[in-house]
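Q: If you scroll down you'll find the structure; I have some questions about it.
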Amino acid sequence: MSLLHLAIIAPLLYAILVPLFYKSFRQIHTGWFVLPLPIILFAYFFSYISTTRHQAIVMETLNWIPSMGINFTAKVDGLGLLFALLITGIGSLVILYSIYYLSKTKEKLNTFYTYLLLFMGAMLGVVLSDNLIVMYAFWELTSFSSFLLIGYWYQREKSRYGAQKSMIITVFGGLAMLGGIILLHLMTGSFSITEIIAQAHDIVNHSLFIPALLCVLLGAFTKSAQFPFHIWLPDAMEAPTPVSAYLHSATMVKAGIYLVARLTPVFAVDGLWVWLVAGFGIVTLFWGSFSAVKQTDLKSILAFSTVSQLGLIMSLLGVGAAALHFPGVEDNLYIVATTAAVFHLINHATFKGSLFMVAGIVDHETGTRDIRKLGGLMHFMPITFTIAIIGTFSMAGLPPFNGFLSKEMFFTGMLHVLELDLFNFQSVAILFPIIAWIASVFTFIYSMMLVFKTFTGKHQPEKLDKKPHEAPIGMLISPTILASLVIIIFFFSNSLLSENIIEPALAAIFPGLLTEGTGFMVHIDIWHGFKPELFMTLGVIAFGILLYLTYPKWRKIYKLFPDKLALNRLYDGILERAQNGSNRLTNSYMTGSIRSYLVYIFTFFIIILATSLFVKNAFKLDTSKVSSIGIYELLLALFIVIGAISTVFAKTRLASILLLGAVGYMVSLFYVLFRAPDLALTQLVIETVSVALFLVCFYHLPKLRKEDSRVRFKLMNALISVGVGIMVTLIALSAHSNKFFQSISQYYIENTYTEAAGKNMVNVILVDFRGFDTLFEITVLAIASLGIYGMIRLRLTRGDEE
Amino acid sequence: MNNLIILPILIPFVTAAILIFFHKKVKVQRWFSALSSIATIIAALVLVQKVHTDGIQSLNISSWDAPFGITLVSDMLSALLVLTTSIVAFVCLIYSFKSIGAEREKYYYYPVFNFLIVGVNGAFTTGDIFNLFVFFEVMLMSSYVLIVLGGTKIQLRESIKYLLVNVISSALFVITVAYLYSVVGTLNMAHISQRIAEIGQPGILSVIAVLFLIVFGLKGAIFPLYFWMPGSYYAPPAPVLALFGALLTKVGVYSITRTYTLFFYHDQGFTHELLQLLALVSIIAGVIGAIAYWDIKKVIIYNIIVAVGVILYGVSVMNIDALTGSIFYLIHDMIIKAALFLLVGIMIAITGTSNLKKISGLIKRYPGVGWTFFISALALAGIPPLSGFIGKLLIVQGGFEGSSYVGAAIVLMSSLLVLFSVMKIFINGFWGVHRAYENEDKAPVKWLLISPVILVILSALYGIGTEAILPYISQAAETLANPSMYIDAVLKE
């Protein structure tokens, strides 16, 4: 195990210690024990920058199941490192924030930090594993740690609902992704991403390529909350705010983005990938921003905003994937889209992280997150207000904040779609910049609402539970750091990020584009002249302000969309109907009556055997080996049939028992006819004893109730019983007519006397050749007698039992 | 020839016989059973290792040469199943100490328990088709007794159904063996395989194969033959239910696997397609049942049907990956189903009900039970690195390789609904507002929790230590894929 592996699983191992810290040091907030770990890890991963900026890759393998090609191969390249830094960096800030956010006396901090560390380790595993199966394992672990964190306040109905919803949707995607991984393995014989990428051009025409692509995308889209799978994310906001900031904004929801970026070299060879990723991304972008405007809960606004921003990054990755279809990196128009995606990923983590923390502070200090109750907080919490301004303006795409830069690049990327003449893109290309622009207007509106409805306007103390005041300094540290980054990145993006982070990440996304000696040259301009992008931004601001001010006039459009068709309703409906429907369906055939069960079983018996006989043409009647049937046999058979039928129709128990006994005696007469006197004797004894026993038992039973004298003739049941008889007979005749081999019984005939020293072959078979059978048949009798004794003597019936 | 292979049958057999004479001495019964159970585990472990190093072991009872006498055969599949059975038996046994109640203990609970293990281990070990029937009878008779022992109303009502269905299926079993004997003239399983191979499975044998599928399907609870199961399994107390859920249906599954890989593999287009269809419908019917109820016992019981379907789907695909996956999954399911039933038993012991709507907030007072349940649930759904994953992975992989895309997709997606069904128990039963229950202080939760914890640890080790276990499983699958290995081991000695 290398140090790298240790770094990945360190949070998982550390998670085990958390309950110990909690128990032993109740006076100290458990978060303080946890905090050093992500800081150390951040420093550790930071040291890798010097490696990755020279396009070097670090790979370490720890064997897990080498014989199936499943090994824990840790790989650090530009893309993985970017995520690792986000995970540990934001992780540190969130933990610091949580120390002040979660009370050490009221909350169960042990479980909280255990889950959080589980998540951190899992997430590091996802982005640093080169083996797809290992990545899948970590992927599911992120889903489940997220499930546990959303359900952290498990007494609340809504938390449980949100937890279950996120689990169902993300695990569904995870399973689909697993299917895709297996298909990739089938085509390439490998689970290693590196090896699969190397074979990308050989598998593109494979018939399983498209299914694999779709499966993998399902995984990515569900995890990254792309339309229409985004519905779990708003409900995930039931988690404590530090969790929302960390998992549901900065890291976990970006796992899908990571996956798409990571597998771009495999799948982007096919135009469908570009179409789907860009298409779903842009729709999500619009829908998220459009829906965010109508929310009234601070965290709900942020949730839909996250959905929308994830869509933005996704669409950029989709458009950027087109770069693979053009040679080189010099004049490749589409690389800018991917660059923007990577850049915006970082920017989003900074401004959205700070905004979530602001929402948490507002909630913590006022007791509500409802913007209808809030207002005028500017005077009470000036620092929080400043942070909020920075975060929201960056989100809206205004200078001098980092969001402006990536937003402009985003517009550039979308405008390049117009020039894309691949995969029939021309027909709809114009839609991309248009939707992008409209969505940006909505983004502007909700950003403004977020900050101004909360911090300006009239203060409404009567609607608040608490008297608002500025948050404690500890709670402000993390959002302040993030907000500072928002500004610093704006001014120093090139020196800080371009070479160190973005170029190595691009190299990891497009390994095939680089030739010897070339590299991605990322240069981010703050000012690039009067270009369409700038006018688009100006338009966004103008329209945004106009619509923001007139919002009460046009908010009705949200009512136009029928509530019944909402995706949430669909989800709830499916879930409820699936359960109720299953219940009705299962109850409809599970009647509890043995009669109906036997009807099903025998019906199946008849149909399937009749079909088999017919399809396999297996019925055969060979009378050559059959001895002639005499009058005695005929008569006996007739009596047996009559006896058996009469048993069913007998009016009293006594009569039916006697008839049953009579049938038994007839059967033993058959043995006599076939010259097996010992068997006949045995059978006679058995029949006599059982008839006697039956009589003794039934003596104690009440009279056979005369249900109604005219038993309805049940055609179905009659047909079934006749059918079973016919099938058994037909197969018996065929089996008899198909004797392919000499039976082993010849051996017994020859050896009974010489080897086993017995004269009666049947006896010798029973006690010697197959004595083992007999031993256990006797055992069966013994068990039965124990059971009967127990049944008679022991009655535990309690009143409350059904 | 190796006498070792009879030990896992003999030890519980002798134990049961001796314990009959001490039926009032509960302590003797408990500890003697526990010790003998440990001895069985050790014997099974040695056997597994022996088979691993020296190949298939066989024993001709009374030294009558195969195929004329009865032969016991331990290939890797059977040795592994015997080992798993012994382990599951042990944990159910110690769980019984504090849950089954002194009255049942005095009325031959432990002897019959041991007889059940005799039947199960015997069925896994025998190499003779009629002897298989005999061990089925031992197992079934013990299960009749266990299901009715205690004589509560629900037990009496459900055992009559259980008994009727099984008596019918036993009758069919004998009939089917008779047909087979008529056609191939032998009972030794290796010999049957050899003879069928010689004539290339004509139509009548395919029909007999379908009959075997019905007979074993009735025990294994596949669609459409499982109707008796949910009701019957609902009746007995938790450790018995765990034993049934983990072992009995698996004997049916094992028998189908054995006959469909050793005898009837010449007409796969017909027999295995049919098996596949039934397996897939079982999965679907199982998940539908599992999500349909708010009764914690029923949820897990319907999950049995899902697992049976998944395993048999792998068998029906019949390539080496799918077979390996099925064996992996079979053993996993025995372990994890036992764990889940025992955990459900604890929940019922605490709350006095199995109605999920009346249970909530258990995790506050019983975090240990909650987390053990949570991990079991993940394992059941096949979340890596727990035990269910590799099996499912291989089955799906095998399915895709065999171009059975729809089937593999059903197996894959069934995991989601399985997860949903058990997580429903976690979300509503363990989470939620804490409640107090009338008799909860009487429940010996700590003791009862030992057994499921052992099983969950095994499940985790089974998943994480896949590399160490894989050679054994592969060996088992290889034998299934090459019937000649089995035949040679039995007939050429």
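Residue numbers start at 1 in each chain; chains themselves are named A, B, ... in the order of the structure tokens; ligands are numbered from 1 in the order shown.
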Quick one: which region 554-607 of chain A residues come within 10 Å of region 156-170 of chain A, and what is the nearest atom pair for each with the distance in Å to one decimal, counting only C-alpha atoms, rows ordered by chain and ascending number, as JSON lines?
A:
```
{"residue": "A:Tyr571", "atom": "CA", "partner": "A:Lys165", "partner_atom": "CA", "distance": 8.8}
{"residue": "A:Asp572", "atom": "CA", "partner": "A:Lys165", "partner_atom": "CA", "distance": 9.4}
{"residue": "A:Leu575", "atom": "CA", "partner": "A:Lys165", "partner_atom": "CA", "distance": 9.8}
```
Q: For the selection you just gave me, I'd like the residues written to a file as a tab-separated table (two decimals), in the first residue's frame, keeping N, CA, C and O atoms.
A:
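Output saved as out.tsv:
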```
chain	number	residue	atom	x	y	z
A	571	TYR	N	-42.63	11.18	-9.52
A	571	TYR	CA	-41.82	10.30	-8.66
A	571	TYR	C	-42.68	9.73	-7.53
A	571	TYR	O	-42.72	8.53	-7.30
A	572	ASP	N	-43.38	10.63	-6.83
A	572	ASP	CA	-44.21	10.16	-5.72
A	572	ASP	C	-45.27	9.18	-6.21
A	572	ASP	O	-45.54	8.16	-5.57
A	575	LEU	N	-43.80	5.81	-7.03
A	575	LEU	CA	-43.44	5.09	-5.82
A	575	LEU	C	-44.68	4.53	-5.13
A	575	LEU	O	-44.72	3.38	-4.71
```
Q: Can I get the residues of chain B within 7 Å of chain A, each with the closest pair of atoms and their distance in Å to one decimal, using only C-alpha atoms, sorted chain first then ascending number, as JSON lines?
A:
```
{"residue": "B:Trp64", "atom": "CA", "partner": "A:Phe769", "partner_atom": "CA", "distance": 6.8}
{"residue": "B:Phe68", "atom": "CA", "partner": "A:Ile744", "partner_atom": "CA", "distance": 6.8}
{"residue": "B:Gly69", "atom": "CA", "partner": "A:Phe769", "partner_atom": "CA", "distance": 5.2}
{"residue": "B:Ile70", "atom": "CA", "partner": "A:Arg770", "partner_atom": "CA", "distance": 6.2}
{"residue": "B:Tyr107", "atom": "CA", "partner": "A:Gly790", "partner_atom": "CA", "distance": 5.5}
{"residue": "B:Tyr108", "atom": "CA", "partner": "A:Leu786", "partner_atom": "CA", "distance": 6.9}
{"residue": "B:Val112", "atom": "CA", "partner": "A:Ile783", "partner_atom": "CA", "distance": 6.7}
{"residue": "B:Asn131", "atom": "CA", "partner": "A:Asp773", "partner_atom": "CA", "distance": 5.9}
{"residue": "B:Val134", "atom": "CA", "partner": "A:Asp773", "partner_atom": "CA", "distance": 6.2}
{"residue": "B:Glu137", "atom": "CA", "partner": "A:Val780", "partner_atom": "CA", "distance": 6.7}
{"residue": "B:Val138", "atom": "CA", "partner": "A:Val780", "partner_atom": "CA", "distance": 5.2}
{"residue": "B:Met141", "atom": "CA", "partner": "A:Val780", "partner_atom": "CA", "distance": 6.3}
{"residue": "B:Ser142", "atom": "CA", "partner": "A:Ile783", "partner_atom": "CA", "distance": 6.3}
{"residue": "B:Val145", "atom": "CA", "partner": "A:Gly787", "partner_atom": "CA", "distance": 4.8}
{"residue": "B:Val148", "atom": "CA", "partner": "A:Met791", "partner_atom": "CA", "distance": 6.8}
{"residue": "B:Leu149", "atom": "CA", "partner": "A:Met791", "partner_atom": "CA", "distance": 5.9}
{"residue": "B:Gly150", "atom": "CA", "partner": "A:Leu796", "partner_atom": "CA", "distance": 5.2}
{"residue": "B:Gly151", "atom": "CA", "partner": "A:Arg795", "partner_atom": "CA", "distance": 4.7}
{"residue": "B:Thr152", "atom": "CA", "partner": "A:Thr797", "partner_atom": "CA", "distance": 4.3}
{"residue": "B:Lys153", "atom": "CA", "partner": "A:Thr797", "partner_atom": "CA", "distance": 6.2}
{"residue": "B:Ile154", "atom": "CA", "partner": "A:Glu802", "partner_atom": "CA", "distance": 6.3}
{"residue": "B:Lys161", "atom": "CA", "partner": "A:Ile594", "partner_atom": "CA", "distance": 5.9}
{"residue": "B:Tyr179", "atom": "CA", "partner": "A:Ala735", "partner_atom": "CA", "distance": 5.5}
{"residue": "B:Ser182", "atom": "CA", "partner": "A:His736", "partner_atom": "CA", "distance": 5.9}
{"residue": "B:Val183", "atom": "CA", "partner": "A:Lys739", "partner_atom": "CA", "distance": 4.5}
{"residue": "B:Val184", "atom": "CA", "partner": "A:Phe741", "partner_atom": "CA", "distance": 5.5}
{"residue": "B:Gly185", "atom": "CA", "partner": "A:Ser743", "partner_atom": "CA", "distance": 3.9}
{"residue": "B:Thr186", "atom": "CA", "partner": "A:Ile744", "partner_atom": "CA", "distance": 5.7}
{"residue": "B:Gly203", "atom": "CA", "partner": "A:Ala618", "partner_atom": "CA", "distance": 4.6}
{"residue": "B:Ile204", "atom": "CA", "partner": "A:Ala618", "partner_atom": "CA", "distance": 4.8}
{"residue": "B:Val207", "atom": "CA", "partner": "A:Ser612", "partner_atom": "CA", "distance": 5.7}
{"residue": "B:Pro224", "atom": "CA", "partner": "A:Ile601", "partner_atom": "CA", "distance": 6.7}
{"residue": "B:Leu225", "atom": "CA", "partner": "A:Ile601", "partner_atom": "CA", "distance": 5.7}
{"residue": "B:Phe227", "atom": "CA", "partner": "A:Tyr597", "partner_atom": "CA", "distance": 5.9}
{"residue": "B:Trp228", "atom": "CA", "partner": "A:Tyr597", "partner_atom": "CA", "distance": 6.8}
{"residue": "B:Ile288", "atom": "CA", "partner": "A:Ser582", "partner_atom": "CA", "distance": 5.2}
{"residue": "B:Gly289", "atom": "CA", "partner": "A:Thr586", "partner_atom": "CA", "distance": 6.0}
{"residue": "B:Ile291", "atom": "CA", "partner": "A:Gln579", "partner_atom": "CA", "distance": 5.8}
{"residue": "B:Ala292", "atom": "CA", "partner": "A:Asn583", "partner_atom": "CA", "distance": 4.2}
{"residue": "B:Tyr293", "atom": "CA", "partner": "A:Asn583", "partner_atom": "CA", "distance": 6.4}
{"residue": "B:Pro384", "atom": "CA", "partner": "A:Ala137", "partner_atom": "CA", "distance": 5.1}
{"residue": "B:Pro385", "atom": "CA", "partner": "A:Ala137", "partner_atom": "CA", "distance": 6.6}
{"residue": "B:Gln397", "atom": "CA", "partner": "A:Ile182", "partner_atom": "CA", "distance": 6.1}
{"residue": "B:Leu412", "atom": "CA", "partner": "A:Leu175", "partner_atom": "CA", "distance": 6.6}
{"residue": "B:Met413", "atom": "CA", "partner": "A:Leu175", "partner_atom": "CA", "distance": 6.8}
{"residue": "B:Leu416", "atom": "CA", "partner": "A:Phe172", "partner_atom": "CA", "distance": 6.2}
{"residue": "B:Ile427", "atom": "CA", "partner": "A:Arg160", "partner_atom": "CA", "distance": 6.5}
{"residue": "B:Trp431", "atom": "CA", "partner": "A:Tyr154", "partner_atom": "CA", "distance": 5.4}
{"residue": "B:Gly432", "atom": "CA", "partner": "A:Gln155", "partner_atom": "CA", "distance": 4.3}
{"residue": "B:Val433", "atom": "CA", "partner": "A:Gln155", "partner_atom": "CA", "distance": 4.8}
{"residue": "B:Thr466", "atom": "CA", "partner": "A:Ile65", "partner_atom": "CA", "distance": 6.5}
{"residue": "B:Glu467", "atom": "CA", "partner": "A:Ile65", "partner_atom": "CA", "distance": 4.8}
```
Q: Keeping C-alpha atoms, export the residues of the selection given above as a PDB file, in the first residue's frame.
A:
```pdb
ATOM      1  CA  TRP B  64     -20.414 -51.466  -2.830  1.00  0.00           C
ATOM      2  CA  PHE B  68     -24.410 -50.228  -7.597  1.00  0.00           C
ATOM      3  CA  GLY B  69     -24.332 -48.993  -4.039  1.00  0.00           C
ATOM      4  CA  ILE B  70     -24.858 -45.511  -2.726  1.00  0.00           C
ATOM      5  CA  TYR B 107     -39.794 -30.898  23.227  1.00  0.00           C
ATOM      6  CA  TYR B 108     -36.924 -32.055  21.051  1.00  0.00           C
ATOM      7  CA  VAL B 112     -34.880 -32.089  15.288  1.00  0.00           C
ATOM      8  CA  ASN B 131     -30.615 -41.078  -1.792  1.00  0.00           C
ATOM      9  CA  VAL B 134     -34.217 -39.754   1.199  1.00  0.00           C
ATOM     10  CA  GLU B 137     -37.384 -36.488   3.359  1.00  0.00           C
ATOM     11  CA  VAL B 138     -35.163 -36.197   6.425  1.00  0.00           C
ATOM     12  CA  MET B 141     -39.800 -34.149   8.087  1.00  0.00           C
ATOM     13  CA  SER B 142     -37.573 -32.123  10.400  1.00  0.00           C
ATOM     14  CA  VAL B 145     -41.692 -30.659  13.076  1.00  0.00           C
ATOM     15  CA  VAL B 148     -45.373 -26.912  13.985  1.00  0.00           C
ATOM     16  CA  LEU B 149     -43.444 -27.200  17.243  1.00  0.00           C
ATOM     17  CA  GLY B 150     -45.110 -24.916  19.740  1.00  0.00           C
ATOM     18  CA  GLY B 151     -48.550 -25.491  18.347  1.00  0.00           C
ATOM     19  CA  THR B 152     -49.623 -21.874  18.093  1.00  0.00           C
ATOM     20  CA  LYS B 153     -52.629 -21.230  15.949  1.00  0.00           C
ATOM     21  CA  ILE B 154     -50.759 -19.729  13.031  1.00  0.00           C
ATOM     22  CA  LYS B 161     -50.417 -26.160   3.863  1.00  0.00           C
ATOM     23  CA  TYR B 179     -39.158 -42.273 -14.896  1.00  0.00           C
ATOM     24  CA  SER B 182     -36.793 -46.454 -16.432  1.00  0.00           C
ATOM     25  CA  VAL B 183     -34.967 -44.567 -19.180  1.00  0.00           C
ATOM     26  CA  VAL B 184     -31.375 -44.770 -18.017  1.00  0.00           C
ATOM     27  CA  GLY B 185     -31.549 -47.750 -15.683  1.00  0.00           C
ATOM     28  CA  THR B 186     -29.357 -46.356 -12.933  1.00  0.00           C
ATOM     29  CA  GLY B 203     -36.919 -35.815 -25.953  1.00  0.00           C
ATOM     30  CA  ILE B 204     -38.167 -37.933 -23.096  1.00  0.00           C
ATOM     31  CA  VAL B 207     -39.436 -33.867 -20.380  1.00  0.00           C
ATOM     32  CA  PRO B 224     -44.864 -20.286 -10.338  1.00  0.00           C
ATOM     33  CA  LEU B 225     -44.327 -22.795  -7.575  1.00  0.00           C
ATOM     34  CA  PHE B 227     -47.027 -19.817  -3.422  1.00  0.00           C
ATOM     35  CA  TRP B 228     -46.811 -22.002  -0.370  1.00  0.00           C
ATOM     36  CA  ILE B 288     -43.030  -7.090  -6.546  1.00  0.00           C
ATOM     37  CA  GLY B 289     -43.820  -9.039  -3.393  1.00  0.00           C
ATOM     38  CA  ILE B 291     -42.041  -3.928  -2.090  1.00  0.00           C
ATOM     39  CA  ALA B 292     -45.705  -4.754  -1.586  1.00  0.00           C
ATOM     40  CA  TYR B 293     -45.774  -5.217   2.173  1.00  0.00           C
ATOM     41  CA  PRO B 384     -19.423  -3.486  -3.054  1.00  0.00           C
ATOM     42  CA  PRO B 385     -17.257  -4.502  -1.338  1.00  0.00           C
ATOM     43  CA  GLN B 397     -21.139 -10.259 -16.896  1.00  0.00           C
ATOM     44  CA  LEU B 412     -29.023  -5.678 -12.280  1.00  0.00           C
ATOM     45  CA  MET B 413     -32.082  -3.551 -11.741  1.00  0.00           C
ATOM     46  CA  LEU B 416     -32.529  -1.392  -6.788  1.00  0.00           C
ATOM     47  CA  ILE B 427     -35.794   4.210   7.112  1.00  0.00           C
ATOM     48  CA  TRP B 431     -35.131   5.950  11.816  1.00  0.00           C
ATOM     49  CA  GLY B 432     -38.104   8.007  12.837  1.00  0.00           C
ATOM     50  CA  VAL B 433     -39.383   9.101  16.185  1.00  0.00           C
ATOM     51  CA  THR B 466     -12.715 -12.368  -2.795  1.00  0.00           C
ATOM     52  CA  GLU B 467      -9.253 -13.032  -4.125  1.00  0.00           C
TER      53      GLU B 467
END
```
Q: Just the number, please: distance in Å from CA of Gln683 (chain A) to CA of Leu660 (chain A), one decimal.
A: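 Distance between the two atoms: 13.3 Å.
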Q: Using only C-alpha atoms, which residue out of A:Val648, A:Ile477, A:Val663, A:Ala340 lies closest to Ile502 (chain A)?
A: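 Of A:Val648, A:Ile477, A:Val663, A:Ala340, the one nearest Ile502 (chain A) is A:Ala340, counting only C-alpha atoms.
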Q: For CA of Ala680 (chain A) and CA of Lys625 (chain A), determine how far apart the two atoms are, in Å to one decimal place.
A: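 Taking CA of Ala680 (chain A) as the start and CA of Lys625 (chain A) as the end point, the length is 23.7 Å.
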Q: Could you give me, as a list in words, the residues within 12 Å of Ala15 (chain A), counting only C-alpha atoms and dropping anything in the same chain fewer than 4 positions from it?
A: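 My reading of the contact set: Ile9, Ala10, Pro11, Pro19, Leu20, Phe21, Tyr22, Thr30, Gly31, Phe33, Val34, Leu37, Leu109, Asn110, Thr111, Phe112, Tyr113, Thr114, Tyr115, Leu116, Leu117, Leu118, Phe119, Met120, Gly121, Ala122 and Ser145 of chain A.
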Q: For the residues in the current selection, export N, CA, C and O atoms as a CSV table (one decimal), in the first residue's frame.
A:
```
chain,number,residue,atom,x,y,z
A,9,ILE,N,-7.8,6.4,1.6
A,9,ILE,CA,-8.6,5.7,2.6
A,9,ILE,C,-8.5,6.3,4.0
A,9,ILE,O,-9.2,5.9,4.9
A,10,ALA,N,-7.6,7.2,4.2
A,10,ALA,CA,-7.4,7.8,5.5
A,10,ALA,C,-8.7,8.3,6.2
A,10,ALA,O,-9.0,8.0,7.3
A,11,PRO,N,-9.5,9.0,5.4
A,11,PRO,CA,-10.8,9.4,6.0
A,11,PRO,C,-11.6,8.3,6.5
A,11,PRO,O,-12.3,8.3,7.5
A,19,PRO,N,-16.1,8.1,16.8
A,19,PRO,CA,-16.9,7.9,18.0
A,19,PRO,C,-16.1,7.8,19.2
A,19,PRO,O,-16.6,8.2,20.3
A,20,LEU,N,-14.8,7.4,19.1
A,20,LEU,CA,-14.0,7.4,20.3
A,20,LEU,C,-13.7,8.8,20.8
A,20,LEU,O,-13.8,9.0,22.0
A,21,PHE,N,-13.3,9.6,19.9
A,21,PHE,CA,-13.1,11.0,20.3
A,21,PHE,C,-14.3,11.6,20.9
A,21,PHE,O,-14.2,12.3,21.9
A,22,TYR,N,-15.4,11.3,20.3
A,22,TYR,CA,-16.7,11.9,20.8
A,22,TYR,C,-17.0,11.4,22.3
A,22,TYR,O,-17.3,12.2,23.1
A,30,THR,N,-16.2,17.7,18.6
A,30,THR,CA,-15.5,16.6,17.9
A,30,THR,C,-14.9,17.1,16.6
A,30,THR,O,-13.9,16.6,16.1
A,31,GLY,N,-15.5,18.2,16.0
A,31,GLY,CA,-15.0,18.7,14.8
A,31,GLY,C,-13.5,19.1,14.8
A,31,GLY,O,-12.8,18.9,13.9
A,33,PHE,N,-11.2,17.5,16.3
A,33,PHE,CA,-10.3,16.4,16.0
A,33,PHE,C,-10.3,16.0,14.6
A,33,PHE,O,-9.4,15.4,14.1
A,34,VAL,N,-11.4,16.3,13.9
A,34,VAL,CA,-11.6,15.9,12.5
A,34,VAL,C,-10.8,16.8,11.6
A,34,VAL,O,-10.2,16.4,10.6
A,37,LEU,N,-7.3,16.4,9.6
A,37,LEU,CA,-7.2,15.4,8.5
A,37,LEU,C,-7.3,16.0,7.1
A,37,LEU,O,-6.4,15.9,6.3
A,109,LEU,N,-22.7,14.4,17.3
A,109,LEU,CA,-21.6,14.7,16.5
A,109,LEU,C,-20.8,13.5,16.0
A,109,LEU,O,-20.2,13.5,14.9
A,110,ASN,N,-20.9,12.4,16.8
A,110,ASN,CA,-20.1,11.3,16.4
A,110,ASN,C,-20.6,10.7,15.1
A,110,ASN,O,-19.8,10.5,14.2
A,111,THR,N,-21.9,10.6,14.9
A,111,THR,CA,-22.4,10.1,13.7
A,111,THR,C,-22.2,11.1,12.5
A,111,THR,O,-21.8,10.7,11.5
A,112,PHE,N,-22.4,12.3,12.8
A,112,PHE,CA,-22.2,13.3,11.8
A,112,PHE,C,-20.8,13.3,11.2
A,112,PHE,O,-20.6,13.2,9.9
A,113,TYR,N,-19.8,13.3,12.0
A,113,TYR,CA,-18.4,13.3,11.4
A,113,TYR,C,-18.0,12.0,10.9
A,113,TYR,O,-17.2,11.9,9.9
A,114,THR,N,-18.6,10.9,11.4
A,114,THR,CA,-18.3,9.6,10.8
A,114,THR,C,-18.8,9.6,9.4
A,114,THR,O,-18.1,9.2,8.5
A,115,TYR,N,-20.1,10.0,9.2
A,115,TYR,CA,-20.6,10.0,7.8
A,115,TYR,C,-19.8,10.9,6.9
A,115,TYR,O,-19.5,10.6,5.8
A,116,LEU,N,-19.5,12.1,7.5
A,116,LEU,CA,-18.8,13.1,6.6
A,116,LEU,C,-17.4,12.5,6.2
A,116,LEU,O,-17.0,12.7,5.0
A,117,LEU,N,-16.7,11.9,7.1
A,117,LEU,CA,-15.4,11.3,6.7
A,117,LEU,C,-15.6,10.2,5.7
A,117,LEU,O,-14.8,10.0,4.8
A,118,LEU,N,-16.6,9.4,6.0
A,118,LEU,CA,-16.9,8.3,5.0
A,118,LEU,C,-17.1,8.9,3.6
A,118,LEU,O,-16.5,8.4,2.6
A,119,PHE,N,-17.8,9.9,3.6
A,119,PHE,CA,-18.1,10.6,2.3
A,119,PHE,C,-16.8,11.1,1.7
A,119,PHE,O,-16.5,10.8,0.5
A,120,MET,N,-16.0,11.7,2.5
A,120,MET,CA,-14.7,12.3,2.0
A,120,MET,C,-13.8,11.2,1.4
A,120,MET,O,-13.3,11.4,0.3
A,121,GLY,N,-13.7,10.1,2.1
A,121,GLY,CA,-12.9,9.0,1.6
A,121,GLY,C,-13.4,8.5,0.3
A,121,GLY,O,-12.7,8.2,-0.6
A,122,ALA,N,-14.8,8.3,0.3
A,122,ALA,CA,-15.4,7.7,-0.8
A,122,ALA,C,-15.2,8.6,-2.1
A,122,ALA,O,-14.9,8.1,-3.2
A,145,SER,N,-23.3,7.5,1.9
A,145,SER,CA,-23.0,8.4,3.0
A,145,SER,C,-23.9,9.7,2.8
A,145,SER,O,-24.3,10.3,3.8
```
Q: Which one is closest to Gly402 (chain B): B:Thr125, B:Asn319, B:Thr257, B:Gln57? Count only C-alpha atoms.
A: B:Asn319
